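Here's protein_39.pdb, which has PDB, C-alpha atoms, pLDDT in the B column:
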ATOM      1  CA  MET A   1      -6.453  -3.825   4.579  1.00 47.00           C
ATOM      2  CA  ASN A   2      -5.165  -7.375   4.692  1.00 49.00           C
ATOM      3  CA  TYR A   3      -6.912  -9.678   7.164  1.00 52.00           C
ATOM      4  CA  ASN A   4      -5.169 -12.905   8.044  1.00 62.00           C
ATOM      5  CA  LEU A   5      -7.778 -15.577   8.625  1.00 61.00           C
ATOM      6  CA  LYS A   6      -5.292 -18.009  10.140  1.00 62.00           C
ATOM      7  CA  THR A   7      -3.919 -15.458  12.614  1.00 64.00           C
ATOM      8  CA  ASN A   8      -7.333 -14.221  13.755  1.00 68.00           C
ATOM      9  CA  MET A   9      -8.664 -17.745  13.965  1.00 65.00           C
ATOM     10  CA  LYS A  10      -5.618 -18.878  15.959  1.00 65.00           C
ATOM     11  CA  ASN A  11      -6.353 -16.165  18.518  1.00 67.00           C
ATOM     12  CA  SER A  12     -10.048 -17.080  18.731  1.00 68.00           C
ATOM     13  CA  ILE A  13      -9.363 -20.800  19.039  1.00 68.00           C
ATOM     14  CA  ALA A  14      -6.754 -20.090  21.678  1.00 66.00           C
ATOM     15  CA  LEU A  15      -9.398 -18.183  23.636  1.00 66.00           C
ATOM     16  CA  LEU A  16     -11.823 -21.075  23.252  1.00 64.00           C
ATOM     17  CA  LEU A  17      -9.187 -23.504  24.527  1.00 65.00           C
ATOM     18  CA  ILE A  18      -8.480 -21.096  27.353  1.00 58.00           C
ATOM     19  CA  THR A  19     -12.136 -21.145  28.295  1.00 60.00           C
ATOM     20  CA  PHE A  20     -12.426 -24.938  28.305  1.00 60.00           C
ATOM     21  CA  ILE A  21      -9.130 -25.820  29.973  1.00 51.00           C
ATOM     22  CA  THR A  22      -9.349 -23.602  33.035  1.00 45.00           C
ATOM     23  CA  PHE A  23     -11.421 -21.008  34.878  1.00 44.00           C
ATOM     24  CA  ASN A  24     -10.923 -19.024  38.084  1.00 37.00           C
ATOM     25  CA  ALA A  25     -12.797 -16.457  40.198  1.00 38.00           C
ATOM     26  CA  PHE A  26     -12.690 -13.557  37.778  1.00 40.00           C
ATOM     27  CA  SER A  27     -15.072 -10.962  39.166  1.00 39.00           C
ATOM     28  CA  GLN A  28     -17.219 -10.041  42.120  1.00 43.00           C
ATOM     29  CA  ASN A  29     -20.574 -10.140  40.327  1.00 68.00           C
ATOM     30  CA  ASP A  30     -22.946 -12.628  38.725  1.00 82.00           C
ATOM     31  CA  ALA A  31     -20.439 -13.275  35.939  1.00 84.00           C
ATOM     32  CA  LYS A  32     -18.160 -14.871  38.536  1.00 77.00           C
ATOM     33  CA  VAL A  33     -20.931 -17.188  39.699  1.00 81.00           C
ATOM     34  CA  LEU A  34     -21.753 -18.272  36.157  1.00 83.00           C
ATOM     35  CA  LEU A  35     -18.113 -18.816  35.179  1.00 76.00           C
ATOM     36  CA  ASN A  36     -17.573 -20.884  38.313  1.00 77.00           C
ATOM     37  CA  GLU A  37     -20.556 -23.048  37.355  1.00 83.00           C
ATOM     38  CA  VAL A  38     -19.093 -23.559  33.880  1.00 81.00           C
ATOM     39  CA  SER A  39     -15.724 -24.353  35.444  1.00 77.00           C
ATOM     40  CA  THR A  40     -17.218 -27.020  37.681  1.00 80.00           C
ATOM     41  CA  LYS A  41     -19.016 -28.581  34.728  1.00 83.00           C
ATOM     42  CA  VAL A  42     -15.961 -28.570  32.455  1.00 81.00           C
ATOM     43  CA  LYS A  43     -13.648 -30.026  35.110  1.00 81.00           C
ATOM     44  CA  SER A  44     -16.058 -32.920  35.687  1.00 87.00           C
ATOM     45  CA  TYR A  45     -15.434 -34.295  32.184  1.00 89.00           C
ATOM     46  CA  GLU A  46     -12.637 -36.706  31.337  1.00 92.00           C
ATOM     47  CA  ASN A  47     -12.470 -35.335  27.800  1.00 91.00           C
ATOM     48  CA  ILE A  48     -14.318 -32.935  25.501  1.00 89.00           C
ATOM     49  CA  SER A  49     -14.848 -33.142  21.727  1.00 92.00           C
ATOM     50  CA  ILE A  50     -16.006 -30.042  19.861  1.00 90.00           C
ATOM     51  CA  ASP A  51     -17.017 -29.355  16.260  1.00 93.00           C
ATOM     52  CA  PHE A  52     -17.128 -25.628  15.549  1.00 91.00           C
ATOM     53  CA  LYS A  53     -17.712 -22.966  12.922  1.00 93.00           C
ATOM     54  CA  TYR A  54     -15.430 -19.942  12.635  1.00 90.00           C
ATOM     55  CA  VAL A  55     -16.453 -16.699  10.916  1.00 92.00           C
ATOM     56  CA  LEU A  56     -14.403 -13.534  10.361  1.00 90.00           C
ATOM     57  CA  GLU A  57     -16.324 -10.395   9.362  1.00 93.00           C
ATOM     58  CA  ASN A  58     -15.527  -6.763   8.586  1.00 89.00           C
ATOM     59  CA  THR A  59     -18.493  -4.922   7.082  1.00 82.00           C
ATOM     60  CA  THR A  60     -16.439  -1.792   6.311  1.00 85.00           C
ATOM     61  CA  GLU A  61     -14.062  -3.792   4.130  1.00 86.00           C
ATOM     62  CA  ASN A  62     -16.851  -6.087   2.861  1.00 90.00           C
ATOM     63  CA  ILE A  63     -15.019  -9.164   4.166  1.00 89.00           C
ATOM     64  CA  LYS A  64     -16.593 -12.394   5.343  1.00 92.00           C
ATOM     65  CA  GLN A  65     -14.638 -15.632   5.668  1.00 91.00           C
ATOM     66  CA  GLU A  66     -15.957 -18.882   7.115  1.00 94.00           C
ATOM     67  CA  THR A  67     -14.458 -22.257   7.951  1.00 92.00           C
ATOM     68  CA  ARG A  68     -15.054 -25.257  10.184  1.00 94.00           C
ATOM     69  CA  GLY A  69     -12.898 -27.337  12.480  1.00 90.00           C
ATOM     70  CA  ASP A  70     -12.831 -29.757  15.379  1.00 92.00           C
ATOM     71  CA  VAL A  71     -10.826 -30.244  18.552  1.00 89.00           C
ATOM     72  CA  VAL A  72     -10.503 -32.940  21.222  1.00 90.00           C
ATOM     73  CA  LEU A  73      -9.236 -31.959  24.680  1.00 88.00           C
ATOM     74  CA  GLN A  74      -8.112 -34.176  27.552  1.00 89.00           C
ATOM     75  CA  GLY A  75      -6.368 -32.358  30.379  1.00 83.00           C
ATOM     76  CA  ASP A  76      -3.547 -30.323  28.827  1.00 81.00           C
ATOM     77  CA  LYS A  77      -3.486 -32.483  25.695  1.00 88.00           C
ATOM     78  CA  TYR A  78      -5.408 -31.584  22.561  1.00 88.00           C
ATOM     79  CA  LYS A  79      -5.797 -32.394  18.874  1.00 91.00           C
ATOM     80  CA  LEU A  80      -7.045 -29.576  16.669  1.00 89.00           C
ATOM     81  CA  ASN A  81      -7.953 -29.830  12.969  1.00 91.00           C
ATOM     82  CA  ILE A  82      -8.474 -26.607  11.036  1.00 88.00           C
ATOM     83  CA  LEU A  83      -7.707 -25.332   7.508  1.00 87.00           C
ATOM     84  CA  GLY A  84      -5.902 -28.524   6.539  1.00 89.00           C
ATOM     85  CA  VAL A  85      -3.566 -28.329   9.515  1.00 91.00           C
ATOM     86  CA  THR A  86      -3.523 -30.645  12.542  1.00 93.00           C
ATOM     87  CA  ARG A  87      -2.114 -29.245  15.787  1.00 90.00           C
ATOM     88  CA  LEU A  88      -1.300 -32.077  18.187  1.00 93.00           C
ATOM     89  CA  PHE A  89      -0.094 -31.415  21.733  1.00 90.00           C
ATOM     90  CA  ASP A  90       0.905 -34.546  23.671  1.00 92.00           C
ATOM     91  CA  GLY A  91       1.605 -32.760  26.945  1.00 90.00           C
ATOM     92  CA  GLU A  92       5.230 -31.973  26.084  1.00 92.00           C
ATOM     93  CA  LYS A  93       5.612 -31.356  22.367  1.00 93.00           C
ATOM     94  CA  LEU A  94       3.433 -29.465  19.918  1.00 91.00           C
ATOM     95  CA  TYR A  95       3.212 -30.918  16.395  1.00 95.00           C
ATOM     96  CA  SER A  96       1.784 -28.786  13.576  1.00 93.00           C
ATOM     97  CA  ILE A  97       1.092 -31.058  10.618  1.00 96.00           C
ATOM     98  CA  SER A  98       0.266 -29.564   7.210  1.00 96.00           C
ATOM     99  CA  THR A  99      -0.924 -32.141   4.691  1.00 93.00           C
ATOM    100  CA  GLU A 100      -0.989 -29.559   1.885  1.00 94.00           C
ATOM    101  CA  ASP A 101       2.639 -28.555   2.376  1.00 95.00           C
ATOM    102  CA  GLU A 102       3.727 -32.010   3.590  1.00 96.00           C
ATOM    103  CA  GLU A 103       5.497 -30.283   6.435  1.00 97.00           C
ATOM    104  CA  ILE A 104       5.646 -30.863  10.197  1.00 97.00           C
ATOM    105  CA  THR A 105       6.784 -28.288  12.744  1.00 96.00           C
ATOM    106  CA  ILE A 106       7.773 -29.612  16.173  1.00 96.00           C
ATOM    107  CA  SER A 107       8.242 -27.364  19.176  1.00 92.00           C
ATOM    108  CA  SER A 108       8.131 -27.387  22.958  1.00 86.00           C
ATOM    109  CA  GLN A 109       5.160 -25.767  24.629  1.00 66.00           C
ATOM    110  CA  ASN A 110       6.831 -22.700  26.142  1.00 57.00           C
ATOM    111  CA  ASN A 111       5.024 -21.311  29.175  1.00 48.00           C
ATOM    112  CA  ASP A 112       6.766 -17.966  28.637  1.00 47.00           C
ATOM    113  CA  ASP A 113       5.529 -17.659  25.076  1.00 47.00           C
ATOM    114  CA  ASP A 114       2.669 -15.159  24.775  1.00 44.00           C
ATOM    115  CA  ASN A 115       1.031 -17.395  22.146  1.00 40.00           C
ATOM    116  CA  ALA A 116       1.393 -20.635  24.119  1.00 40.00           C
ATOM    117  CA  VAL A 117      -1.884 -22.305  25.015  1.00 34.00           C
ATOM    118  CA  THR A 118      -1.071 -23.522  28.520  1.00 38.00           C
ATOM    119  CA  PRO A 119      -3.203 -23.577  31.680  1.00 32.00           C
ATOM    120  CA  SER A 120      -0.824 -21.341  33.647  1.00 31.00           C
ATOM    121  CA  LYS A 121      -0.666 -18.711  30.904  1.00 36.00           C
ATOM    122  CA  MET A 122      -4.398 -18.905  30.340  1.00 34.00           C
ATOM    123  CA  LEU A 123      -5.084 -18.395  34.013  1.00 31.00           C
ATOM    124  CA  SER A 124      -2.907 -15.316  34.360  1.00 34.00           C
ATOM    125  CA  PHE A 125      -4.189 -13.973  31.025  1.00 42.00           C
ATOM    126  CA  TYR A 126      -7.770 -13.956  32.227  1.00 47.00           C
ATOM    127  CA  GLU A 127      -7.129 -12.807  35.780  1.00 48.00           C
ATOM    128  CA  GLU A 128      -4.933  -9.872  34.869  1.00 55.00           C
ATOM    129  CA  GLY A 129      -6.157  -8.919  31.416  1.00 73.00           C
ATOM    130  CA  TYR A 130      -9.910  -8.476  31.606  1.00 79.00           C
ATOM    131  CA  THR A 131     -12.841  -7.220  33.606  1.00 83.00           C
ATOM    132  CA  TYR A 132     -16.038  -9.311  33.543  1.00 83.00           C
ATOM    133  CA  ALA A 133     -19.736  -8.472  33.529  1.00 89.00           C
ATOM    134  CA  MET A 134     -23.020 -10.098  32.603  1.00 92.00           C
ATOM    135  CA  ASP A 135     -24.393  -8.978  29.239  1.00 93.00           C
ATOM    136  CA  ILE A 136     -27.653  -9.707  27.418  1.00 94.00           C
ATOM    137  CA  VAL A 137     -29.494 -13.027  27.157  1.00 94.00           C
ATOM    138  CA  GLN A 138     -30.204 -14.391  23.682  1.00 95.00           C
ATOM    139  CA  ASN A 139     -32.782 -16.980  22.673  1.00 95.00           C
ATOM    140  CA  ILE A 140     -31.179 -19.108  19.952  1.00 94.00           C
ATOM    141  CA  LYS A 141     -33.328 -21.939  18.610  1.00 91.00           C
ATOM    142  CA  GLY A 142     -35.008 -22.354  21.989  1.00 93.00           C
ATOM    143  CA  ARG A 143     -31.722 -22.203  23.919  1.00 95.00           C
ATOM    144  CA  LYS A 144     -31.152 -19.469  26.489  1.00 96.00           C
ATOM    145  CA  ILE A 145     -27.647 -18.118  25.855  1.00 97.00           C
ATOM    146  CA  GLN A 146     -26.233 -15.823  28.527  1.00 95.00           C
ATOM    147  CA  LEU A 147     -23.463 -13.543  27.280  1.00 94.00           C
ATOM    148  CA  VAL A 148     -20.569 -12.554  29.551  1.00 89.00           C
ATOM    149  CA  LYS A 149     -18.645  -9.472  28.444  1.00 90.00           C
ATOM    150  CA  LEU A 150     -14.842  -9.502  28.787  1.00 84.00           C
ATOM    151  CA  THR A 151     -13.232  -6.069  28.461  1.00 88.00           C
ATOM    152  CA  PRO A 152      -9.438  -5.695  28.181  1.00 87.00           C
ATOM    153  CA  ILE A 153      -7.872  -3.615  30.927  1.00 87.00           C
ATOM    154  CA  ASP A 154      -5.062  -2.614  28.573  1.00 86.00           C
ATOM    155  CA  SER A 155      -6.228   0.471  26.675  1.00 85.00           C
ATOM    156  CA  ASN A 156      -3.789  -0.390  23.858  1.00 87.00           C
ATOM    157  CA  SER A 157      -5.282  -3.835  23.274  1.00 86.00           C
ATOM    158  CA  GLU A 158      -6.278  -4.659  19.697  1.00 87.00           C
ATOM    159  CA  ILE A 159      -9.417  -6.260  21.154  1.00 87.00           C
ATOM    160  CA  ASP A 160     -12.311  -3.939  21.980  1.00 92.00           C
ATOM    161  CA  TYR A 161     -14.213  -6.608  23.908  1.00 91.00           C
ATOM    162  CA  ILE A 162     -15.163 -10.301  23.901  1.00 85.00           C
ATOM    163  CA  LEU A 163     -18.579 -11.859  24.408  1.00 89.00           C
ATOM    164  CA  LEU A 164     -18.620 -15.394  25.778  1.00 87.00           C
ATOM    165  CA  GLY A 165     -21.957 -17.150  25.228  1.00 90.00           C
ATOM    166  CA  ILE A 166     -22.964 -19.773  27.790  1.00 91.00           C
ATOM    167  CA  ASP A 167     -25.954 -22.115  27.558  1.00 93.00           C
ATOM    168  CA  SER A 168     -27.851 -21.348  30.764  1.00 93.00           C
ATOM    169  CA  GLN A 169     -29.257 -24.882  31.047  1.00 93.00           C
ATOM    170  CA  THR A 170     -26.228 -27.041  30.260  1.00 92.00           C
ATOM    171  CA  LYS A 171     -23.542 -24.546  31.409  1.00 89.00           C
ATOM    172  CA  HIS A 172     -21.640 -25.337  28.209  1.00 88.00           C
ATOM    173  CA  ILE A 173     -19.899 -22.776  25.999  1.00 86.00           C
ATOM    174  CA  TYR A 174     -22.018 -21.922  22.933  1.00 91.00           C
ATOM    175  CA  ASN A 175     -19.966 -19.223  21.222  1.00 90.00           C
ATOM    176  CA  LEU A 176     -17.104 -16.760  21.490  1.00 86.00           C
ATOM    177  CA  ILE A 177     -17.433 -13.366  19.807  1.00 88.00           C
ATOM    178  CA  THR A 178     -14.362 -11.127  19.564  1.00 87.00           C
ATOM    179  CA  ILE A 179     -14.736  -7.484  18.533  1.00 90.00           C
ATOM    180  CA  GLY A 180     -11.516  -5.848  17.332  1.00 89.00           C
ATOM    181  CA  GLU A 181     -10.787  -2.151  17.548  1.00 80.00           C
ATOM    182  CA  ASN A 182     -10.592  -1.991  13.742  1.00 83.00           C
ATOM    183  CA  GLY A 183     -14.177  -3.203  13.336  1.00 83.00           C
ATOM    184  CA  THR A 184     -13.270  -6.827  12.701  1.00 90.00           C
ATOM    185  CA  LYS A 185     -15.573  -9.362  14.349  1.00 92.00           C
ATOM    186  CA  THR A 186     -14.754 -13.048  14.751  1.00 88.00           C
ATOM    187  CA  ILE A 187     -17.386 -15.551  15.816  1.00 90.00           C
ATOM    188  CA  LEU A 188     -16.545 -19.067  16.944  1.00 87.00           C
ATOM    189  CA  THR A 189     -19.705 -21.159  17.397  1.00 92.00           C
ATOM    190  CA  VAL A 190     -19.818 -24.637  18.913  1.00 91.00           C
ATOM    191  CA  ASN A 191     -21.905 -26.890  16.665  1.00 94.00           C
ATOM    192  CA  SER A 192     -21.325 -30.114  18.597  1.00 94.00           C
ATOM    193  CA  PHE A 193     -20.191 -30.598  22.197  1.00 92.00           C
ATOM    194  CA  LYS A 194     -19.512 -34.174  23.312  1.00 93.00           C
ATOM    195  CA  THR A 195     -18.000 -35.401  26.551  1.00 94.00           C
ATOM    196  CA  ASN A 196     -16.371 -38.523  27.982  1.00 96.00           C
ATOM    197  CA  ALA A 197     -16.192 -40.301  24.640  1.00 95.00           C
ATOM    198  CA  PRO A 198     -13.976 -43.415  24.375  1.00 96.00           C
ATOM    199  CA  LEU A 199     -10.701 -42.163  22.895  1.00 96.00           C
ATOM    200  CA  SER A 200      -7.886 -44.090  21.275  1.00 96.00           C
ATOM    201  CA  LYS A 201      -4.867 -44.423  23.565  1.00 94.00           C
ATOM    202  CA  THR A 202      -2.737 -43.051  20.736  1.00 96.00           C
ATOM    203  CA  LEU A 203      -4.953 -40.066  19.853  1.00 97.00           C
ATOM    204  CA  PHE A 204      -2.459 -37.572  21.263  1.00 95.00           C
ATOM    205  CA  THR A 205       0.619 -39.549  20.200  1.00 97.00           C
ATOM    206  CA  PHE A 206       2.619 -38.407  17.182  1.00 96.00           C
ATOM    207  CA  ASP A 207       3.438 -41.291  14.820  1.00 96.00           C
ATOM    208  CA  ALA A 208       6.398 -40.343  12.604  1.00 94.00           C
ATOM    209  CA  ASN A 209       5.867 -43.440  10.437  1.00 94.00           C
ATOM    210  CA  LYS A 210       2.741 -41.839   8.971  1.00 94.00           C
ATOM    211  CA  TYR A 211       4.729 -38.904   7.626  1.00 95.00           C
ATOM    212  CA  LYS A 212       7.957 -40.414   6.269  1.00 92.00           C
ATOM    213  CA  ASP A 213       7.971 -38.151   3.186  1.00 94.00           C
ATOM    214  CA  TYR A 214       7.193 -34.947   5.100  1.00 97.00           C
ATOM    215  CA  TYR A 215       9.710 -32.196   5.743  1.00 96.00           C
ATOM    216  CA  VAL A 216      10.289 -31.916   9.508  1.00 95.00           C
ATOM    217  CA  ASN A 217      11.094 -28.546  11.018  1.00 94.00           C
ATOM    218  CA  ASN A 218      12.253 -29.134  14.606  1.00 93.00           C
ATOM    219  CA  LEU A 219      12.404 -25.806  16.423  1.00 90.00           C
ATOM    220  CA  ASP A 220      14.036 -27.169  19.595  1.00 78.00           C
TER     221      ASP A 220
END
Would you write the structure of this file as structure tokens?
Amino acid sequence: MNYNLKTNMKNSIALLLITFITFNAFSQNDAKVLLNEVSTKVKSYENISIDFKYVLENTTENIKQETRGDVVLQGDKYKLNILGVTRLFDGEKLYSISTEDEEITISSQNNDDDNAVTPSKMLSFYEEGYTYAMDIVQNIKGRKIQLVKLTPIDSNSEIDYILLGIDSQTKHIYNLITIGENGTKTILTVNSFKTNAPLSKTLFTFDANKYKDYYVNNLD
């Protein structure tokens, strides 16, 4: 079986971005209360910078792949670095910059695209796609991590369930564990979570002069 690290990681990172960009009242139990607390905390920050570790595992196939990355978020804008590729969204255009291939792909952020990471899509995805419930509490290096279980309503979903780990003291996201129906598990763990850092005014601005020799693939 061929596992695509980039595809699985893209889905996990998208879910992490979903979690940080927006929350809503998802359930009628304690999970709702906790998610609302996280929402309030996240929305109070001007920006968020995250360093993370990503692991893909399938014990049946004896597969384990690991990588690291970082992302900065400010409102709808973000800059993500992973696997030698920078994904830069300036609020209107999405730039995927591959230094290895010396190639840049430019596209509009389409709200109707199922893979688009936008607040409106994220909101409807969570409201309509999952049920929510409190799961176990883990003690990780002295930190109390409360897991919230997200179960797809769609019985044909390739995802069995998702566990979202929340630090009970800080109300910050600690990890995101996705269990696939084929036994594949992906774990995205936040190693560093920083807020309200001074950012360059051009951080989310694409500068074409830096990539004069790159091939540009404009999808619009």
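What separates atom CA of A:Phe52 from atom CA of A:Gly165 is a distance of 13.7 Å.
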Item to check | Contacts of stretch 143-146 of chain A within 6 Å, all atoms listed in the file, excl. fewer than 5 positions in-chain, as JSON, numbers by chain | outcome: {"A": [137, 138, 165, 166, 167, 168]}
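Checking A:Asn209, A:Thr131, A:Thr67, A:Thr59 one by one against A:Ile187, counting all atoms listed in the file, you find the shortest gap at A:Thr67.
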Item to check | Within 10 Å of A:Ser157 using only C-alpha atoms, minus same-chain residues under 3 positions, as a PyMOL selection string | outcome: chain A and resi 129+151-154+160-161+180-181
Next on the checklist: Here is a test: counting all atoms listed in the file, which residue of A:Gly142, A:Gly91, A:Gly75, A:Gly69 is nearest to A:Phe206?
Outcome noted: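 That would be A:Gly91, the residue with the smallest distance to A:Phe206.
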Next on the checklist: I need the output of the PyMOL selection byres ((chain A and resi 204) around 12) for this file as a list in words; which residues are they?
Outcome noted: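 Checking the PyMOL selection byres ((chain A and resi 204) around 12) against this file, the residues are Val71, Val72, Leu73, Gln74, Gly75, Asp76, Lys77, Tyr78, Lys79, Leu80, Thr86, Arg87, Leu88, Phe89, Asp90, Gly91, Glu92, Lys93, Leu94, Tyr95, Leu199, Ser200, Lys201, Thr202, Leu203, Thr205, Phe206 and Asp207 of chain A.
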Checklist entry - Which residues fall under the PyMOL selection byres ((chain A and resi 106) around 9) in this file, as number ranges by chain? => result A: 93-97, 104-105, 107-108, 216-220
Checklist entry - Once the PyMOL selection byres ((chain A and resi 135) around 9) has been applied to the shown file, what residues remain in the selection, as number ranges by chain? => result A: 31, 133-134, 136-137, 146-149, 163
Item to check | Between atom CA of A:Val42 and atom CA of A:Glu66, distance in Å (one decimal) | outcome: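 Calculated distance between atom CA of A:Val42 and atom CA of A:Glu66 is 27.1 Å.
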Checklist entry - Neighbours of A:Asp213 within 12 Å (all atoms listed in the file; same-chain residues fewer than 4 positions away dropped), as a PyMOL selection string? => result chain A and resi 99+101-104+208-209
Next on the checklist: Report, in Å to a single decimal, how far apart atom CA of A:Phe193 and atom CA of A:Val33 are.
Outcome noted: 22.1 Å
Item to check | Distance criterion (all atoms listed in the file): nearest to A:Gln65 out of A:Lys53, A:Asp30, A:Leu150, A:Tyr130 | outcome: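 Among the listed residues, the smallest separation from A:Gln65 belongs to A:Lys53.
Candidate residues A:Ile162, A:Leu34, A:Ile82, A:Ala197 were compared for distance to A:Asp51, and the nearest is A:Ile82, using all atoms listed in the file.
Minimum atom-to-atom distances from A:Lys171, A:Lys43, A:Lys185, A:Lys32 to A:Thr60 were compared using only C-alpha atoms, and the lowest value belongs to A:Lys185.
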Checklist entry - Given the choices A:Thr178, A:Thr195, A:His172, A:Tyr214, which gets closest to A:Asn36 if the distance is worked out from all atoms listed in the file? => result A:His172
